[in-house]
Each structure stands twice: as structure tokens, then as C-alpha cells.
Amino acid sequence: MSDTSNLFQPTTIGTLTLKNRLAVSPMTRVSATEDGCATAQMAEYYGRYAAGGFGLTIIEAIYIDEEYSQGYVFQPGLANDAQQASWKAVVDAIHGNGGKACIQFVHAGALTQGRRGRTGAIAPSAFQPLGEMLTFYRGEGKYDVPSEITAEQLTAVKASFVAAAKRAVAIGFDAIEIHGANGYLLDQFFTAYTNQRTDEYGGDVRNRIRFDEELVRETIAGIGGAVPVGIRLSQSKVNDFEYTWPGGEDDAAVVFPVLEQAGAAFIHITEHDATSEVFGSGTSLAGLAKRHASIPVIVNGGLGNPETAAGVIAAGNADVIAQGKSALANQDWPNKVESGAALEEFDFGMLGPIANLDNAERWAATKS
């Protein structure tokens, strides 16, 4: 086995010190109560990652208001007092097992397939989303065509992110991640074909990243810089695996500095294969983030092999490795790697028929 000791070095993200360079990638588990509260099952689940050695656990995408942000039924939220109270046990479980807790906030935009209360969806433009709803998150059929978001709604969305961030700080989360990836609302603004606006949020790449920029600035200001705030970006989406940034490295040369100047404490890149060269640049998308910005980069995507993960760090293409499917199969991935124990292979059976914790536990019982 090659040397993987660099994965276990301490590192910092803004004011936050991590015991190692290993994180749990945020993964939607649709296992909250129907009214969006975290459960004891979720606290135990997330606590196991910290007990398994992960320095940072990034909680799955959390909706931020009771208007249009929710994307899935049984998705957790942080939009009211009851939801806020429910998260303390999750944070305590992570902290109690020696880890740090980061919460990820999302607005589904056009990619909503179930929510309580309000119907319909809002997005940068009124477009028909590609693909179909995700069956393993209880979706079926085509997505609805959203309404074009108004200036007033944009202001309200930003206010909801700030309000949720204040709640997260009060609970004791150590960091906040804004979900700007995978086809959700912020990514819809950034993506050329889903953003047909002619105002300051549409057109060239500088305008299309403006909403992300403003949201990062306003969230940091709203919490007074109490904890690091970062943002997640991708090329592909849950409904479009083929999309690539149309401007290639020219887009990266605009986007990453803008987000750094807005105050982002980290950039989290997720790709199907995080090591793949992009745009003929000689490096990966995470490597371009390192090339064009000086803040820490978290990377996710096909890095379950310890030597591969260590190689990404050694090459200077990321600062923290986030495990997704490998973490699902090995909640103690860091402890296993450090001790030289064998790793379990990921099995899609643990995500079916619904990708929730009940089915994951049933799957685990068949392996014991």
C-alpha cells in the first residue's frame, strides 16, 4: 500500500481546525419526519461517521424556508423553531465522537418533486427541466415547468439562507456549505441553458455567478463571520450528467476568484471522477479551483481508493477529500484505512427502493 499519511494530517478551513483531511460528502437520505425535523436515527447515523474517524461530516442538503426551497418529501429543513431544536442531537452526536459538523443549505428551484404546503416551483427562467424525477427519492415523471423568479423572491430566498445560517450557528454547527451544485437553484442560475435572463443575473458567466456571490456575502455578513461559509459547485446535475461549463477554464478563471473575493472559506467540487482532466487544462476541476483561488478546496467523486485520495492531496489539487458512496459502505473509512483494514465495496442495494436510512439499515443487516 502506498503512503496515505497525508490524509491524516490536520488542516484548517478558515477559523476551523480539522483533525484530518477526510470529510463525509453531503448525501440526501430523505429520512427526516414529514415536517422536516431531524430524528434520533439521523443523529445516530451521522454520529457514526465521526466515530469512524471522519474529521468533518457535511450534513445532507437542508431546505431553508417553507416557501419553495424543499425538493423532496421527508427532506430535513432548518426553517422553523421545531426543526432547529431537532438538530441539536445530530450536532452533539458528531461532536461527542470527536468530529466537526458542517450543514449544507439548498434551494431546489425547478428540481422540486415534493414538499409540504405550497405547490409550484421557481427558477431563474421558465424552462422544462431535463430528465425525470428521482424514483429513489419518491419522485415520478417529468419535473414541472417553474415560474421565473422575481426580484422580490430573489431577495426573500437570500434572506431565508441567512435566517437558516443564523439558526445553524445557534445550534452549534462548525461550518456552513451553500449548495451551488447538481442542478438546484443556484446551479440553475449558473447554467447557461437554464438561465435565460436578460438582467444582471443572466448572460455571461460573471452575471450567472452573481447570485452565488451575493448569497455568500450576505450569509457571511448575516452571521457576522461566526463560522466558515463555503460553497459547492459541479458540472453535472442530478437531471443532466453530461453538462460541462461552456467557457471551460475561462469560466473557472472568473468563478473561483469571484467566490473567494465574496468571502467563501472553501470551495467544494463534486465530479463523477474527481481526478479527470477538464477543458484540456492539464488538471481536474478541483485543480482549477486551486489554480485560480487560494482558499481550501474540498473534492468529492470516485476517491474511495485510499491511494488515489492521497494522490490528489499530494498533487496539490485539493485540501480535503470528501467520501460519498465509499462512506456509505464504510462509515469508518478513515479508521479502516489508517489501520490497514479491508474496505467494503459500495452496493447500490443500500439505496433501494428508497435511499433512506431504513433501507440502508435493512441492507446492513444482510451483511452482518
# chains A, B, ... in the order shown; residues from 1 in each chain; ligands from 1
$ residues_around --residues "segment 260-273 of chain A" --least-positions-apart "5" --cutoff "8 Å" --atoms "only C-alpha atoms" --output "ChimeraX atom specification"
/A:13-14,181,213-214,216-217,220,228-236,285-286,289,293-303
$ write_last_selection --atoms "C-alpha atoms" --output "JSON list (two decimals), in the first residue's frame"
[["chain", "number", "residue", "atom", "x", "y", "z"],
["A", 13, "ILE", "CA", -10.69, 25.85, 6.80],
["A", 14, "GLY", "CA", -10.98, 29.47, 7.79],
["A", 181, "ALA", "CA", -24.13, 22.34, -7.48],
["A", 213, "GLU", "CA", -21.61, 35.67, -4.98],
["A", 214, "GLU", "CA", -24.33, 37.72, -3.30],
["A", 216, "VAL", "CA", -22.08, 34.02, 0.05],
["A", 217, "ARG", "CA", -21.54, 37.66, 1.01],
["A", 220, "ILE", "CA", -21.30, 35.66, 6.00],
["A", 228, "PRO", "CA", -16.68, 29.43, 7.88],
["A", 229, "VAL", "CA", -19.08, 29.59, 4.93],
["A", 230, "GLY", "CA", -18.24, 27.73, 1.71],
["A", 231, "ILE", "CA", -19.95, 26.72, -1.49],
["A", 232, "ARG", "CA", -20.30, 23.52, -3.51],
["A", 233, "LEU", "CA", -20.02, 23.52, -7.31],
["A", 234, "SER", "CA", -20.23, 20.89, -10.03],
["A", 235, "GLN", "CA", -20.60, 20.48, -13.75],
["A", 236, "SER", "CA", -23.11, 17.62, -13.91],
["A", 285, "LEU", "CA", -11.89, 20.93, -11.87],
["A", 286, "ALA", "CA", -10.70, 20.87, -8.27],
["A", 289, "ALA", "CA", -10.11, 25.81, -8.19],
["A", 293, "ALA", "CA", -8.19, 30.74, -5.93],
["A", 294, "SER", "CA", -6.18, 30.47, -2.74],
["A", 295, "ILE", "CA", -8.83, 29.12, -0.36],
["A", 296, "PRO", "CA", -9.11, 25.45, 0.68],
["A", 297, "VAL", "CA", -10.73, 23.04, -1.77],
["A", 298, "ILE", "CA", -12.80, 20.02, -0.78],
["A", 299, "VAL", "CA", -13.25, 17.44, -3.53],
["A", 300, "ASN", "CA", -15.66, 14.54, -3.97],
["A", 301, "GLY", "CA", -16.02, 11.94, -6.69],
["A", 302, "GLY", "CA", -14.62, 8.45, -7.11],
["A", 303, "LEU", "CA", -11.95, 8.80, -4.44]]
$ residues_around --residues "Gly316 of chain A" --least-positions-apart "5" --cutoff "9 Å" --atoms "only C-alpha atoms" --output "ChimeraX atom specification"
/A:287,290,311
$ residues_around --residues "Tyr72 of chain A" --least-positions-apart "6" --cutoff "7 Å" --atoms "only C-alpha atoms" --output "PyMOL selection string"
chain A and resi 112-115+137
$ closest_atom_pairs --of "segment 151-239 of chain A" --to "segment 80-97 of chain A" --cutoff "9 Å" --atoms "only C-alpha atoms" --output "Markdown table"
| residue | atom | partner | partner_atom | distance |
| --- | --- | --- | --- | --- |
| A:Ala164 | CA | A:Asn80 | CA | 8.7 |
| A:Arg167 | CA | A:Gln84 | CA | 6.5 |
| A:Ala168 | CA | A:Gln84 | CA | 7.7 |
| A:Ala170 | CA | A:Gln84 | CA | 8.8 |
| A:Ile171 | CA | A:Lys88 | CA | 5.9 |
| A:Gly172 | CA | A:Val91 | CA | 6.8 |
| A:Phe173 | CA | A:Val91 | CA | 6.5 |
$ select_by_dssp --residues "segment 131-317 of chain A" --states "alpha helix (DSSP H)" --output "ChimeraX atom specification"
/A:151-171,185-190,205-208,210-222,249-262,285-292,306-314
